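Student: Got a file for you: input-v3.txt, compact mmCIF, C-alpha atoms and all ligand atoms.
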# COMPACT_ATOMS: atom_id res chain seq x y z
CA MET A 1 5.11 0.48 -8.98
CA PHE A 2 2.97 2.96 -10.95
CA PHE A 3 0.92 0.25 -12.65
CA GLY A 4 0.93 -1.94 -9.52
CA TYR A 5 -0.62 0.80 -7.38
CA MET A 6 -3.17 1.44 -10.12
CA PHE A 7 -4.19 -2.20 -10.04
CA VAL A 8 -4.43 -2.26 -6.22
CA ASP A 9 -7.01 0.54 -6.15
CA LEU A 10 -8.89 0.09 -9.38
CA MET A 11 -11.97 -1.25 -7.54
CA SER A 12 -11.94 1.41 -4.80
CA PRO A 13 -14.10 3.96 -6.66
CA LEU A 14 -16.39 1.18 -7.95
CA GLN A 15 -17.79 -0.15 -4.67
CA SER A 16 -21.37 0.86 -5.49
CA MET A 17 -21.15 -0.51 -9.07
CA ILE A 18 -19.66 -3.87 -8.07
CA GLU A 19 -22.33 -4.17 -5.36
CA ALA A 20 -25.03 -3.57 -7.99
CA GLN A 21 -23.48 -5.69 -10.80
CA ARG A 22 -21.89 -8.61 -8.88
CA GLY A 23 -23.51 -8.45 -5.42
CA TRP A 24 -20.35 -7.55 -3.47
CA THR A 25 -21.76 -6.06 -0.22
CA PRO A 26 -19.39 -3.94 2.02
CA ASP A 27 -18.25 -6.95 4.04
CA VAL A 28 -17.54 -8.91 0.81
CA PHE A 29 -15.76 -5.85 -0.57
CA GLY A 30 -13.74 -5.56 2.67
CA MET A 31 -12.76 -9.25 2.55
CA TYR A 32 -11.82 -8.99 -1.11
CA GLY A 33 -9.58 -6.00 -0.13
CA SER A 34 -7.95 -8.06 2.60
CA SER A 35 -7.24 -10.97 0.24
CA GLU A 36 -4.36 -9.03 -1.34
CA PHE A 37 -2.40 -9.65 1.84
CA ILE A 38 -3.49 -13.14 2.93
CA LEU A 39 -0.72 -15.27 1.35
CA ASN A 40 1.84 -12.67 2.39
CA VAL A 41 0.64 -12.87 5.97
CA PHE A 42 0.84 -16.68 5.90
CA GLY A 43 4.57 -16.49 5.29
CA PHE A 44 5.06 -15.61 1.63
CA LEU A 45 6.62 -12.25 2.49
CA ILE A 46 9.23 -13.81 4.80
CA LEU A 47 10.15 -16.15 1.96
CA ALA A 48 10.20 -13.16 -0.43
CA GLY A 49 12.75 -11.37 1.78
CA ILE A 50 14.97 -14.46 1.91
CA ILE A 51 14.69 -14.90 -1.89
CA LEU A 52 15.60 -11.22 -2.31
CA ASP A 53 18.66 -11.37 -0.07
CA LYS A 54 19.78 -14.70 -1.61
CA MET A 55 18.95 -14.15 -5.31
CA GLY A 56 19.28 -10.38 -5.71
CA VAL A 57 17.01 -7.65 -7.04
CA ARG A 58 16.89 -8.71 -10.72
CA PHE A 59 15.60 -12.25 -10.24
CA THR A 60 13.21 -11.23 -7.45
CA GLY A 61 11.89 -8.24 -9.38
CA GLN A 62 11.10 -10.29 -12.48
CA LEU A 63 9.48 -13.01 -10.39
CA SER A 64 7.34 -10.49 -8.53
CA ALA A 65 6.23 -8.63 -11.69
CA SER A 66 5.25 -11.99 -13.24
CA LEU A 67 3.17 -12.91 -10.17
CA MET A 68 1.43 -9.53 -10.38
CA PHE A 69 0.48 -10.16 -14.00
CA ILE A 70 -0.74 -13.74 -13.39
CA GLY A 71 -2.89 -12.61 -10.44
CA ALA A 72 -4.34 -9.78 -12.52
CA CYS A 73 -5.33 -12.18 -15.33
CA LEU A 74 -7.20 -14.33 -12.82
CA LYS A 75 -9.04 -11.36 -11.39
CA TYR A 76 -9.96 -10.19 -14.88
CA TYR A 77 -11.48 -13.58 -15.63
CA ALA A 78 -13.40 -13.54 -12.32
CA VAL A 79 -15.23 -10.30 -13.08
CA SER A 80 -15.58 -10.97 -16.82
CA ASP A 81 -18.83 -11.93 -18.51
CA SER A 82 -17.36 -15.27 -19.65
CA PHE A 83 -16.99 -16.31 -16.00
CA ALA A 84 -20.62 -15.44 -15.26
CA GLY A 85 -22.66 -18.59 -15.95
CA SER A 86 -19.58 -20.86 -16.31
CA GLY A 87 -19.14 -24.21 -14.53
CA ILE A 88 -16.48 -22.70 -12.27
CA GLU A 89 -18.91 -20.00 -11.22
CA THR A 90 -21.57 -22.61 -10.43
CA TRP A 91 -19.12 -24.62 -8.33
CA LEU A 92 -17.64 -21.58 -6.55
CA GLY A 93 -21.14 -20.33 -5.86
CA SER A 94 -22.24 -23.64 -4.34
CA TRP A 95 -20.40 -23.14 -1.01
CA TRP A 96 -20.07 -20.12 1.34
CA THR A 97 -23.01 -18.68 -0.53
CA SER A 98 -22.90 -15.23 1.15
CA PHE A 99 -19.57 -14.63 -0.67
CA PRO A 100 -20.25 -14.40 -4.45
CA ALA A 101 -18.33 -16.75 -6.78
CA SER A 102 -16.84 -13.81 -8.68
CA ALA A 103 -15.52 -12.35 -5.40
CA LYS A 104 -13.95 -15.72 -4.48
CA LEU A 105 -11.99 -16.05 -7.74
CA ALA A 106 -11.16 -12.31 -7.84
CA SER A 107 -9.83 -12.62 -4.28
CA LEU A 108 -7.63 -15.57 -5.31
CA GLY A 109 -6.25 -13.48 -8.19
CA PHE A 110 -5.75 -10.53 -5.85
CA MET A 111 -3.90 -12.83 -3.40
CA ILE A 112 -1.43 -13.89 -6.11
CA PHE A 113 -1.12 -10.31 -7.34
CA GLY A 114 -0.55 -9.20 -3.71
CA CYS A 115 2.38 -11.64 -3.32
CA GLY A 116 4.00 -10.12 -6.40
CA MET A 117 3.16 -6.55 -5.41
CA GLU A 118 4.64 -6.76 -1.93
CA MET A 119 7.66 -8.71 -3.17
CA ALA A 120 8.16 -5.95 -5.77
CA GLY A 121 7.84 -3.31 -3.02
CA ILE A 122 10.71 -4.72 -0.95
CA THR A 123 12.76 -5.40 -4.09
CA VAL A 124 12.42 -1.81 -5.27
CA SER A 125 13.38 -0.48 -1.81
CA LYS A 126 16.48 -2.67 -1.73
CA ALA A 127 17.35 -1.68 -5.31
CA ILE A 128 17.08 2.02 -4.44
CA ALA A 129 19.19 1.54 -1.29
CA LYS A 130 21.78 -0.21 -3.50
CA TRP A 131 21.80 2.47 -6.22
CA PHE A 132 21.67 5.50 -3.87
CA GLU A 133 23.58 4.46 -0.72
CA GLY A 134 25.18 7.55 0.91
CA LYS A 135 23.54 9.71 -1.77
CA GLU A 136 20.00 11.02 -2.34
CA MET A 137 18.37 7.81 -1.10
CA ALA A 138 15.34 9.42 0.58
CA LEU A 139 14.72 11.60 -2.49
CA ALA A 140 14.89 8.52 -4.73
CA MET A 141 12.51 6.60 -2.46
CA GLY A 142 10.28 9.70 -2.26
CA LEU A 143 10.13 9.90 -6.05
CA GLU A 144 9.34 6.20 -6.31
CA MET A 145 6.47 6.61 -3.86
CA ALA A 146 5.33 9.80 -5.63
CA ILE A 147 5.08 7.84 -8.90
CA ALA A 148 3.08 5.19 -7.06
CA ARG A 149 0.73 7.85 -5.66
CA VAL A 150 0.22 9.35 -9.13
CA GLY A 151 -0.87 5.83 -10.09
CA VAL A 152 -3.54 5.92 -7.38
CA PHE A 153 -4.64 9.39 -8.53
CA ALA A 154 -4.78 8.19 -12.11
CA ILE A 155 -6.88 5.14 -11.29
CA PHE A 156 -9.33 7.11 -9.15
CA SER A 157 -9.85 9.28 -12.25
CA ILE A 158 -9.73 6.60 -14.94
CA SER A 159 -11.52 3.70 -13.25
CA PRO A 160 -15.01 5.29 -12.86
CA TRP A 161 -14.66 6.84 -16.33
CA LEU A 162 -13.79 3.51 -17.97
CA ALA A 163 -16.46 1.69 -16.00
CA ASP A 164 -19.18 4.22 -16.82
CA MET A 165 -18.71 4.01 -20.62
CA ALA A 166 -21.77 2.39 -22.21
CA PRO A 167 -22.44 -0.39 -21.42
CA ALA A 168 -21.36 0.36 -17.83
CA THR A 169 -19.16 -2.47 -16.52
CA VAL A 170 -16.46 -3.09 -13.91
CA VAL A 171 -14.63 -5.38 -16.38
CA ARG A 172 -13.11 -2.59 -18.50
CA PRO A 173 -10.89 -1.01 -15.79
CA VAL A 174 -9.64 -4.47 -14.74
CA ALA A 175 -8.71 -5.35 -18.34
CA PHE A 176 -6.97 -2.00 -18.79
CA CYS A 177 -4.81 -2.38 -15.65
CA THR A 178 -3.96 -6.00 -16.51
CA VAL A 179 -2.40 -4.83 -19.79
CA LEU A 180 -0.49 -2.13 -17.88
CA LEU A 181 0.97 -4.80 -15.58
CA LEU A 182 2.35 -6.64 -18.61
CA ILE A 183 4.07 -3.39 -19.65
CA GLY A 184 5.36 -3.09 -16.04
CA LEU A 185 6.92 -6.56 -16.27
CA LEU A 186 8.71 -5.53 -19.47
CA THR A 187 10.05 -2.33 -17.85
CA PHE A 188 11.50 -4.38 -15.00
CA VAL A 189 13.30 -6.58 -17.54
CA ILE A 190 14.84 -3.38 -18.98
CA PHE A 191 15.86 -2.25 -15.47
CA SER A 192 17.54 -5.63 -14.95
CA PHE A 193 19.94 -4.93 -17.84
CA MET A 194 20.83 -1.58 -16.27
CA ASP A 195 21.32 -3.18 -12.86
CA ARG A 196 23.62 -5.85 -14.35
CA LYS A 197 25.70 -3.04 -15.84
CA LEU A 198 25.91 -1.34 -12.42
CA ASP A 199 27.10 -4.61 -10.84
CA LYS A 200 29.85 -4.87 -13.46
CA GLN A 201 30.92 -1.31 -12.69
CA LEU A 202 30.92 -2.03 -8.94
CA GLY A 203 32.57 -5.46 -9.39
CA LEU A 204 29.67 -7.33 -7.76
CA ASP A 205 28.54 -10.89 -8.54
CA SER A 206 25.41 -11.87 -10.51
CA ARG A 207 23.18 -11.43 -7.44
CA GLY A 208 24.55 -7.99 -6.65
CA GLY A 209 26.60 -9.36 -3.72
CA GLY A 210 30.28 -10.04 -3.16
CA GLY A 211 31.36 -6.52 -2.22
CA SER A 212 32.87 -5.73 1.17
CA GLU A 213 29.78 -7.04 2.96
CA GLU A 214 29.29 -10.68 4.08
CA GLU A 215 26.76 -12.93 2.34
CA PHE A 216 23.26 -13.17 3.84
CA LYS A 217 22.43 -16.22 5.99
CA VAL A 218 18.92 -17.10 7.17
CA SER A 219 20.27 -17.14 10.75
CA ASP A 220 20.94 -13.37 10.31
CA LEU A 221 17.20 -12.87 10.87
CA LYS A 222 17.92 -13.14 14.62
CA TYR A 223 19.80 -9.78 14.51
CA ILE A 224 16.71 -8.11 13.09
CA LEU A 225 14.25 -9.80 15.41
CA SER A 226 16.25 -8.94 18.54
CA SER A 227 16.38 -5.20 17.72
CA LYS A 228 13.98 -3.08 19.80
CA VAL A 229 14.08 -0.17 17.34
CA PHE A 230 13.17 -2.55 14.49
CA TRP A 231 10.01 -3.56 16.34
CA ILE A 232 9.09 0.07 17.08
CA ILE A 233 9.40 0.93 13.37
CA ALA A 234 7.48 -2.21 12.36
CA PHE A 235 4.57 -1.49 14.73
CA LEU A 236 4.50 2.18 13.80
CA CYS A 237 4.35 1.10 10.18
CA VAL A 238 1.48 -1.36 10.68
CA LEU A 239 -0.59 1.10 12.72
CA TYR A 240 -0.04 4.03 10.39
CA TYR A 241 -0.63 2.16 7.13
CA SER A 242 -3.65 0.32 8.55
CA ALA A 243 -5.34 3.69 8.86
CA ILE A 244 -4.38 4.73 5.32
CA PHE A 245 -4.71 1.92 2.77
CA PRO A 246 -7.84 0.26 4.22
CA PHE A 247 -9.34 3.76 4.60
CA GLN A 248 -8.54 4.45 0.94
CA ARG A 249 -10.75 1.50 -0.07
CA PHE A 250 -13.77 2.98 1.74
CA ALA A 251 -13.01 6.68 1.32
CA THR A 252 -15.06 7.16 -1.85
CA ASN A 253 -18.12 5.64 -0.24
CA MET A 254 -17.48 7.58 3.01
CA LEU A 255 -17.48 10.86 1.06
CA GLU A 256 -20.49 9.71 -0.99
CA SER A 257 -22.38 9.02 2.26
CA ASN A 258 -21.23 12.06 4.27
CA LEU A 259 -21.51 14.63 1.48
CA GLY A 260 -24.51 13.12 -0.31
CA VAL A 261 -22.70 13.18 -3.68
CA SER A 262 -22.33 10.59 -6.48
CA ALA A 263 -19.52 7.99 -6.52
CA GLN A 264 -17.87 9.89 -9.39
CA THR A 265 -17.88 13.21 -7.47
CA ALA A 266 -16.59 11.48 -4.31
CA ALA A 267 -13.79 9.79 -6.29
CA ASP A 268 -12.98 13.16 -7.89
CA ILE A 269 -12.50 14.64 -4.42
CA PHE A 270 -10.58 11.71 -2.97
CA ARG A 271 -8.15 11.36 -5.87
CA TRP A 272 -6.43 14.54 -4.61
CA PHE A 273 -5.25 12.61 -1.56
CA PRO A 274 -2.54 10.63 -3.36
CA MET A 275 -1.77 13.66 -5.55
CA GLY A 276 -1.02 15.81 -2.47
CA ALA A 277 1.24 13.03 -1.21
CA ALA A 278 2.90 12.67 -4.63
CA ALA A 279 3.66 16.38 -4.80
CA ILE A 280 5.20 16.64 -1.34
CA THR A 281 6.96 13.29 -0.72
CA PRO A 282 10.00 13.99 -2.96
CA PHE A 283 10.58 17.38 -1.27
CA LEU A 284 10.40 15.79 2.15
CA GLY A 285 12.77 13.07 0.93
CA ARG A 286 15.20 15.75 -0.20
CA TYR A 287 14.83 17.54 3.14
CA LEU A 288 15.60 14.28 4.92
CA ASP A 289 18.69 13.70 2.76
CA HIS A 290 20.08 17.14 3.56
CA LYS A 291 18.70 18.02 7.00
CA GLY A 292 17.42 14.81 8.64
CA LYS A 293 14.63 14.95 11.30
CA GLY A 294 13.16 11.57 10.27
CA ALA A 295 11.69 10.64 13.69
CA THR A 296 10.09 14.09 14.09
CA MET A 297 8.47 13.72 10.66
CA LEU A 298 6.96 10.39 11.72
CA ILE A 299 5.35 11.99 14.81
CA LEU A 300 4.00 14.96 12.84
CA GLY A 301 2.56 12.66 10.18
CA ALA A 302 0.69 10.61 12.79
CA ILE A 303 -0.75 13.75 14.44
CA LEU A 304 -2.05 15.05 11.10
CA MET A 305 -3.67 11.70 10.39
CA ILE A 306 -5.53 11.76 13.74
CA VAL A 307 -6.89 15.26 12.97
CA CYS A 308 -8.10 14.18 9.51
CA HIS A 309 -9.82 10.98 10.61
CA LEU A 310 -11.54 12.85 13.47
CA THR A 311 -12.80 15.34 10.87
CA PHE A 312 -14.15 12.54 8.65
CA ALA A 313 -15.82 10.93 11.67
CA PHE A 314 -17.41 13.95 13.36
CA VAL A 315 -17.18 17.14 11.30
CA LEU A 316 -18.21 15.98 7.80
CA PRO A 317 -21.47 14.27 8.86
CA GLU A 318 -22.50 17.49 10.70
CA PHE A 319 -21.19 19.94 8.08
CA PRO A 320 -21.26 18.16 4.71
CA SER A 321 -19.04 20.75 3.09
CA LYS A 322 -16.80 20.08 0.09
CA PRO A 323 -14.11 22.61 1.21
CA VAL A 324 -13.83 20.80 4.57
CA ALA A 325 -13.56 17.48 2.70
CA TYR A 326 -10.90 18.85 0.32
CA GLY A 327 -8.98 20.44 3.25
CA SER A 328 -8.89 17.19 5.21
CA ILE A 329 -7.91 15.19 2.12
CA VAL A 330 -4.99 17.53 1.43
CA LEU A 331 -3.88 17.38 5.11
CA LEU A 332 -4.06 13.60 4.99
CA GLY A 333 -1.94 13.77 1.83
CA ILE A 334 0.69 15.76 3.75
CA SER A 335 0.61 13.18 6.54
CA PHE A 336 0.98 10.44 3.92
CA SER A 337 4.11 12.22 2.66
CA LEU A 338 5.72 12.77 6.04
CA VAL A 339 5.49 9.18 7.28
CA PRO A 340 6.52 7.18 4.16
CA ALA A 341 9.25 9.72 3.27
CA ALA A 342 10.81 9.23 6.72
CA LEU A 343 9.96 5.59 7.46
CA TRP A 344 11.46 3.64 4.55
CA PRO A 345 14.84 5.42 4.36
CA SER A 346 15.18 4.87 8.15
CA VAL A 347 15.42 1.09 7.75
CA PRO A 348 18.93 1.03 6.15
CA LYS A 349 20.06 3.09 9.18
CA ILE A 350 19.10 0.39 11.67
CA VAL A 351 20.11 -2.83 9.78
CA GLU A 352 23.05 -3.99 7.63
CA THR A 353 22.70 -4.08 3.83
CA ARG A 354 23.15 -7.85 3.60
CA TYR A 355 19.87 -8.45 5.42
CA LEU A 356 18.09 -5.28 4.33
CA GLY A 357 15.72 -7.25 2.06
CA SER A 358 14.71 -9.44 5.00
CA ALA A 359 14.27 -6.41 7.27
CA TYR A 360 11.97 -4.75 4.73
CA SER A 361 10.11 -8.02 4.20
CA LEU A 362 9.57 -8.49 7.95
CA ILE A 363 8.23 -4.93 8.26
CA PHE A 364 5.99 -5.50 5.23
CA TRP A 365 4.89 -8.81 6.75
CA ILE A 366 3.80 -7.22 10.02
CA GLN A 367 2.24 -4.35 8.06
CA ASN A 368 0.39 -6.83 5.82
CA ILE A 369 -1.19 -8.49 8.87
CA GLY A 370 -2.74 -5.09 9.64
CA LEU A 371 -3.64 -4.40 6.02
CA CYS A 372 -5.32 -7.78 5.84
CA LEU A 373 -7.30 -7.48 9.07
CA PHE A 374 -8.32 -3.82 8.98
CA PRO A 375 -10.46 -3.77 5.80
CA MET A 376 -12.35 -6.78 7.20
CA LEU A 377 -12.66 -5.19 10.63
CA PHE A 378 -13.77 -1.91 9.10
CA GLY A 379 -16.18 -3.63 6.68
CA PHE A 380 -17.78 -5.54 9.57
CA ALA A 381 -17.92 -2.40 11.76
CA LEU A 382 -19.59 -0.53 8.91
CA LYS A 383 -22.17 -3.27 8.45
CA TYR A 384 -22.73 -3.58 12.23
CA PHE A 385 -23.25 0.15 12.81
CA ASN A 386 -25.56 0.36 9.77
CA ALA A 387 -27.74 -2.60 10.67
CA GLY A 388 -30.99 -0.71 10.00
CA ARG A 389 -29.84 0.74 6.67
CA THR A 390 -31.97 0.04 3.60
CA GLU A 391 -30.78 -0.19 -0.05
CA GLY A 392 -29.80 3.21 -1.46
CA MET A 393 -29.45 4.95 1.95
CA PRO A 394 -26.07 6.52 2.85
CA TYR A 395 -23.79 4.68 5.31
CA ASP A 396 -23.03 6.09 8.79
CA TYR A 397 -19.21 6.17 9.02
CA THR A 398 -18.80 7.97 12.38
CA ARG A 399 -18.14 5.09 14.78
CA PRO A 400 -16.24 2.83 12.32
CA MET A 401 -13.85 5.76 11.62
CA LEU A 402 -12.76 5.68 15.29
CA ILE A 403 -10.82 2.50 14.44
CA PHE A 404 -8.52 4.61 12.24
CA VAL A 405 -8.27 7.38 14.85
CA ALA A 406 -7.07 4.83 17.43
CA CYS A 407 -4.39 3.59 15.00
CA GLY A 408 -3.15 7.17 14.57
CA VAL A 409 -2.89 7.75 18.33
CA LEU A 410 -0.88 4.55 18.82
CA ALA A 411 1.38 5.38 15.85
CA MET A 412 2.07 8.81 17.33
CA LEU A 413 3.05 7.26 20.70
CA LEU A 414 5.41 4.85 18.91
CA GLY A 415 6.93 7.80 17.02
CA LEU A 416 7.68 9.51 20.35
CA TRP A 417 9.23 6.30 21.69
CA LEU A 418 11.33 5.93 18.53
CA LYS A 419 12.65 9.47 18.88
CA ALA A 420 13.59 8.80 22.51
CA GLU A 421 15.38 5.53 21.55
CA ASP A 422 17.22 7.31 18.75
CA ARG A 423 18.39 10.01 21.16
CA LYS A 424 19.66 7.32 23.57
CA LYS A 425 21.24 4.86 21.10
CA LYS A 426 22.25 7.29 18.28
CA TYR A 427 20.87 5.41 15.24
CA GLY A 428 21.06 8.63 13.27
CA LEU A 429 17.33 8.76 12.47
CA GLU A 430 17.34 12.54 12.97
CA LEU A 431 20.53 12.95 10.89
CA PRO A 432 20.78 13.68 7.12
CA ASN A 433 21.33 10.72 4.73
CA ILE A 434 23.97 12.38 2.58
CA LYS A 435 27.42 11.77 3.97
CA LYS A 436 29.56 14.81 3.22
C1 LIG B 1 1.69 -1.59 0.98
C2 LIG B 1 3.16 -1.70 0.90
N1 LIG B 1 3.58 -2.79 1.70
C3 LIG B 1 3.83 -0.44 1.39
O1 LIG B 1 4.20 -0.36 2.51
N2 LIG B 1 3.99 0.55 0.53
C4 LIG B 1 4.67 1.79 0.85
C5 LIG B 1 5.92 1.95 0.05
C6 LIG B 1 7.04 1.11 0.48
C7 LIG B 1 8.23 1.30 -0.37
C8 LIG B 1 8.11 0.50 -1.62
N3 LIG B 1 9.32 0.43 -2.36
C9 LIG B 1 3.84 3.00 0.48
O2 LIG B 1 3.96 4.03 1.15
O3 LIG B 1 3.11 2.92 -0.50
What's the structure tokens form of this structure?
Tutor:
Amino acid sequence: MFFGYMFVDLMSPLQSMIEAQRGWTPDVFGMYGSSEFILNVFGFLILAGIILDKMGVRFTGQLSASLMFIGACLKYYAVSDSFAGSGIETWLGSWWTSFPASAKLASLGFMIFGCGMEMAGITVSKAIAKWFEGKEMALAMGLEMAIARVGVFAIFSISPWLADMAPATVVRPVAFCTVLLLIGLLTFVIFSFMDRKLDKQLGLDSRGGGGSEEEFKVSDLKYILSSKVFWIIAFLCVLYYSAIFPFQRFATNMLESNLGVSAQTAADIFRWFPMGAAAITPFLGRYLDHKGKGATMLILGAILMIVCHLTFAFVLPEFPSKPVAYGSIVLLGISFSLVPAALWPSVPKIVETRYLGSAYSLIFWIQNIGLCLFPMLFGFALKYFNAGRTEGMPYDYTRPMLIFVACGVLAMLLGLWLKAEDRKKKYGLELPNIKK
């Protein structure tokens, strides 16, 4: 997860450089960002959930880590100097000419990587639910997400530094993260040995099944799809995350434009966002394990996000102050701890373990539709509202940012609805995870 999250965001602080070196304008950059989710949206994630529930966490984890590595290799080739001037580049550049050949191939690589990354995400959640059921599950999930966030922090620091080494190039950070993904694949193989040992101790079969619970059947999906609370969580998830991850891709440039600072300085400010989240998420997970209040945390997280995006939209352009930027970034980090810490451990409370993988995959699937559409939507809005901008001028982010504010408002309303449903139907979303 650490290396995966690094790979996802390695281009985020390099928007200006990739525009200068490979001609990726904001709309191209937005579409490239969306490509991570395209195959998932067209059904791969549903299949991933079924594979996970049928084949178990070890097989699915190794498959997903391999896909991540293959996709990364393709993306490395796309931005490398050996691709520039090759026959493939000439052919890819001969159609849809507004989208550079390197962006086309990099997007294909990112699509394959994205299949592996999302499949790994649901696999890890199911593995944690299996290892920590009735114990410190939210703390374990919180720590996993904290490690992922440290990965984002690390890449926001390392990527511009690697890229800026003479001769400045975007290729170096991609190569670096590709090697890390190979190491990630090897660590999952090691985990698989440990998981096999756990199954032996628990008397489970080779896929981690065969305990007291029934085996998963594809027809079980109907139980998930007919649950109102599942849909509330899924829509809350898509709205919340659509205002976080797509924003993360543009945040460096937003700060660059609003504060009038360099890409490196903007990335230095923004990298504290995932760090704030990394520091707080495990504590909130622990709080949830012992005290509960999951639905309340979701509402609070959405409110904080609205405040932050309103600040980025209206306050920063008027008062380009670094303390205001840092303050909002830290608040957004707290929001990004509250929601994930409460959201993911809530899912095992509303569905049975045998179809937990499918429930996570369906939520990821719906979330991926948002993650796929929002960078494009935001990229187009940015281009539209900056029609008169000339090369080198800062971008005006005010009106495009309202897209993210709207997502936050809707997520907050869904959080309130979820809390009301929980009070009525007693899912236990406000209760602690640890069973005494
Ligand atoms: C983008 C991805 N689908 C996602 O939702 N990531 C979550 C973590 C989900 C738990 C992974 N085991 C995040 O908050 O990063």
Student: What is the CA of Val57 (chain A) to CA of Ala129 (chain A) distance in Å?
Tutor: 11.1 Å
Student: Could you check which of A:Val409, A:Val351, A:Val171, A:Val41 is closest to Ser226 (chain A), using only C-alpha atoms?
Tutor: A:Val351
Student: Kindly assemble as JSON lines a list of the chain A residues that lie within 8 Å of ligand LIG 1 (chain B), each paired with its nearest atom pair and their distance in Å to one decimal, using all atoms listed in the file, sorted first by chain and then by ascending residue number.
Tutor:
{"residue": "A:Met1", "atom": "CA", "partner": "B:LIG1", "partner_atom": "N3", "distance": 7.8}
{"residue": "A:Met117", "atom": "CA", "partner": "B:LIG1", "partner_atom": "C2", "distance": 8.0}
{"residue": "A:Glu118", "atom": "CA", "partner": "B:LIG1", "partner_atom": "N1", "distance": 5.5}
{"residue": "A:Ala120", "atom": "CA", "partner": "B:LIG1", "partner_atom": "N3", "distance": 7.3}
{"residue": "A:Gly121", "atom": "CA", "partner": "B:LIG1", "partner_atom": "C8", "distance": 4.1}
{"residue": "A:Ile122", "atom": "CA", "partner": "B:LIG1", "partner_atom": "N3", "distance": 5.5}
{"residue": "A:Thr123", "atom": "CA", "partner": "B:LIG1", "partner_atom": "N3", "distance": 7.0}
{"residue": "A:Val124", "atom": "CA", "partner": "B:LIG1", "partner_atom": "N3", "distance": 4.8}
{"residue": "A:Ser125", "atom": "CA", "partner": "B:LIG1", "partner_atom": "N3", "distance": 4.2}
{"residue": "A:Lys126", "atom": "CA", "partner": "B:LIG1", "partner_atom": "N3", "distance": 7.8}
{"residue": "A:Met141", "atom": "CA", "partner": "B:LIG1", "partner_atom": "N3", "distance": 6.9}
{"residue": "A:Glu144", "atom": "CA", "partner": "B:LIG1", "partner_atom": "N3", "distance": 7.0}
{"residue": "A:Met145", "atom": "CA", "partner": "B:LIG1", "partner_atom": "O3", "distance": 6.0}
{"residue": "A:Ala148", "atom": "CA", "partner": "B:LIG1", "partner_atom": "O3", "distance": 6.9}
{"residue": "A:Arg149", "atom": "CA", "partner": "B:LIG1", "partner_atom": "O3", "distance": 7.5}
{"residue": "A:Cys237", "atom": "CA", "partner": "B:LIG1", "partner_atom": "O1", "distance": 7.8}
{"residue": "A:Tyr241", "atom": "CA", "partner": "B:LIG1", "partner_atom": "O1", "distance": 7.1}
{"residue": "A:Phe245", "atom": "CA", "partner": "B:LIG1", "partner_atom": "C1", "distance": 7.5}
{"residue": "A:Phe336", "atom": "CA", "partner": "B:LIG1", "partner_atom": "O2", "distance": 7.6}
{"residue": "A:Pro340", "atom": "CA", "partner": "B:LIG1", "partner_atom": "O2", "distance": 5.1}
{"residue": "A:Trp344", "atom": "CA", "partner": "B:LIG1", "partner_atom": "C7", "distance": 6.3}
{"residue": "A:Phe364", "atom": "CA", "partner": "B:LIG1", "partner_atom": "N1", "distance": 5.1}
{"residue": "A:Trp365", "atom": "CA", "partner": "B:LIG1", "partner_atom": "N1", "distance": 8.0}
{"residue": "A:Gln367", "atom": "CA", "partner": "B:LIG1", "partner_atom": "N1", "distance": 6.7}
{"residue": "A:Asn368", "atom": "CA", "partner": "B:LIG1", "partner_atom": "N1", "distance": 6.6}
{"residue": "A:Leu371", "atom": "CA", "partner": "B:LIG1", "partner_atom": "C1", "distance": 7.9}
Student: Select, from A:Met11, A:Leu52, A:Leu185, A:Leu429, the residue with the minimum atom-to-atom distance to Ala106 (chain A), counting all atoms listed in the file.
Tutor: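 So, comparing all the options, the nearest one is A:Met11.
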Student: Between CA of Gly114 (chain A) and CA of Phe37 (chain A), what is the distance in Å, rounded to a tenth?
Tutor: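 We find that CA of Gly114 (chain A) and CA of Phe37 (chain A) lie 5.9 Å from each other.
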Student: What is the CA of Ser192 (chain A)-CA of Ala138 (chain A) distance in Å, reported with one decimal?
Tutor: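 Going from CA of Ser192 (chain A) over to CA of Ala138 (chain A) covers 21.7 Å.
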Student: Just checking: using all atoms listed in the file, which residue out of A:Gly87, A:Gly56, A:Pro160, A:Gly142 ends up closest to Ile18 (chain A)?
Tutor: A:Pro160
Student: Would you fill the gaps in region 251-256 of chain A so it has N, CA and C atoms, then print it as a PDB file, in the frame of the given file?
Tutor:
ATOM      1  N   ALA A 251     -12.921   5.218   1.288  1.00  0.00           N
ATOM      2  CA  ALA A 251     -13.010   6.680   1.320  1.00  0.00           C
ATOM      3  C   ALA A 251     -14.047   7.230   0.346  1.00  0.00           C
ATOM      4  N   THR A 252     -14.106   6.649  -0.862  1.00  0.00           N
ATOM      5  CA  THR A 252     -15.060   7.160  -1.850  1.00  0.00           C
ATOM      6  C   THR A 252     -16.472   7.034  -1.306  1.00  0.00           C
ATOM      7  N   ASN A 253     -16.769   5.847  -0.771  1.00  0.00           N
ATOM      8  CA  ASN A 253     -18.120   5.640  -0.240  1.00  0.00           C
ATOM      9  C   ASN A 253     -18.379   6.490   0.996  1.00  0.00           C
ATOM     10  N   MET A 254     -17.330   6.719   1.815  1.00  0.00           N
ATOM     11  CA  MET A 254     -17.480   7.580   3.010  1.00  0.00           C
ATOM     12  C   MET A 254     -17.863   8.993   2.571  1.00  0.00           C
ATOM     13  N   LEU A 255     -17.176   9.501   1.532  1.00  0.00           N
ATOM     14  CA  LEU A 255     -17.480  10.860   1.060  1.00  0.00           C
ATOM     15  C   LEU A 255     -18.860  10.892   0.399  1.00  0.00           C
ATOM     16  N   GLU A 256     -19.166   9.828  -0.355  1.00  0.00           N
ATOM     17  CA  GLU A 256     -20.490   9.710  -0.990  1.00  0.00           C
ATOM     18  C   GLU A 256     -21.569   9.817   0.091  1.00  0.00           C
TER      19      GLU A 256
END
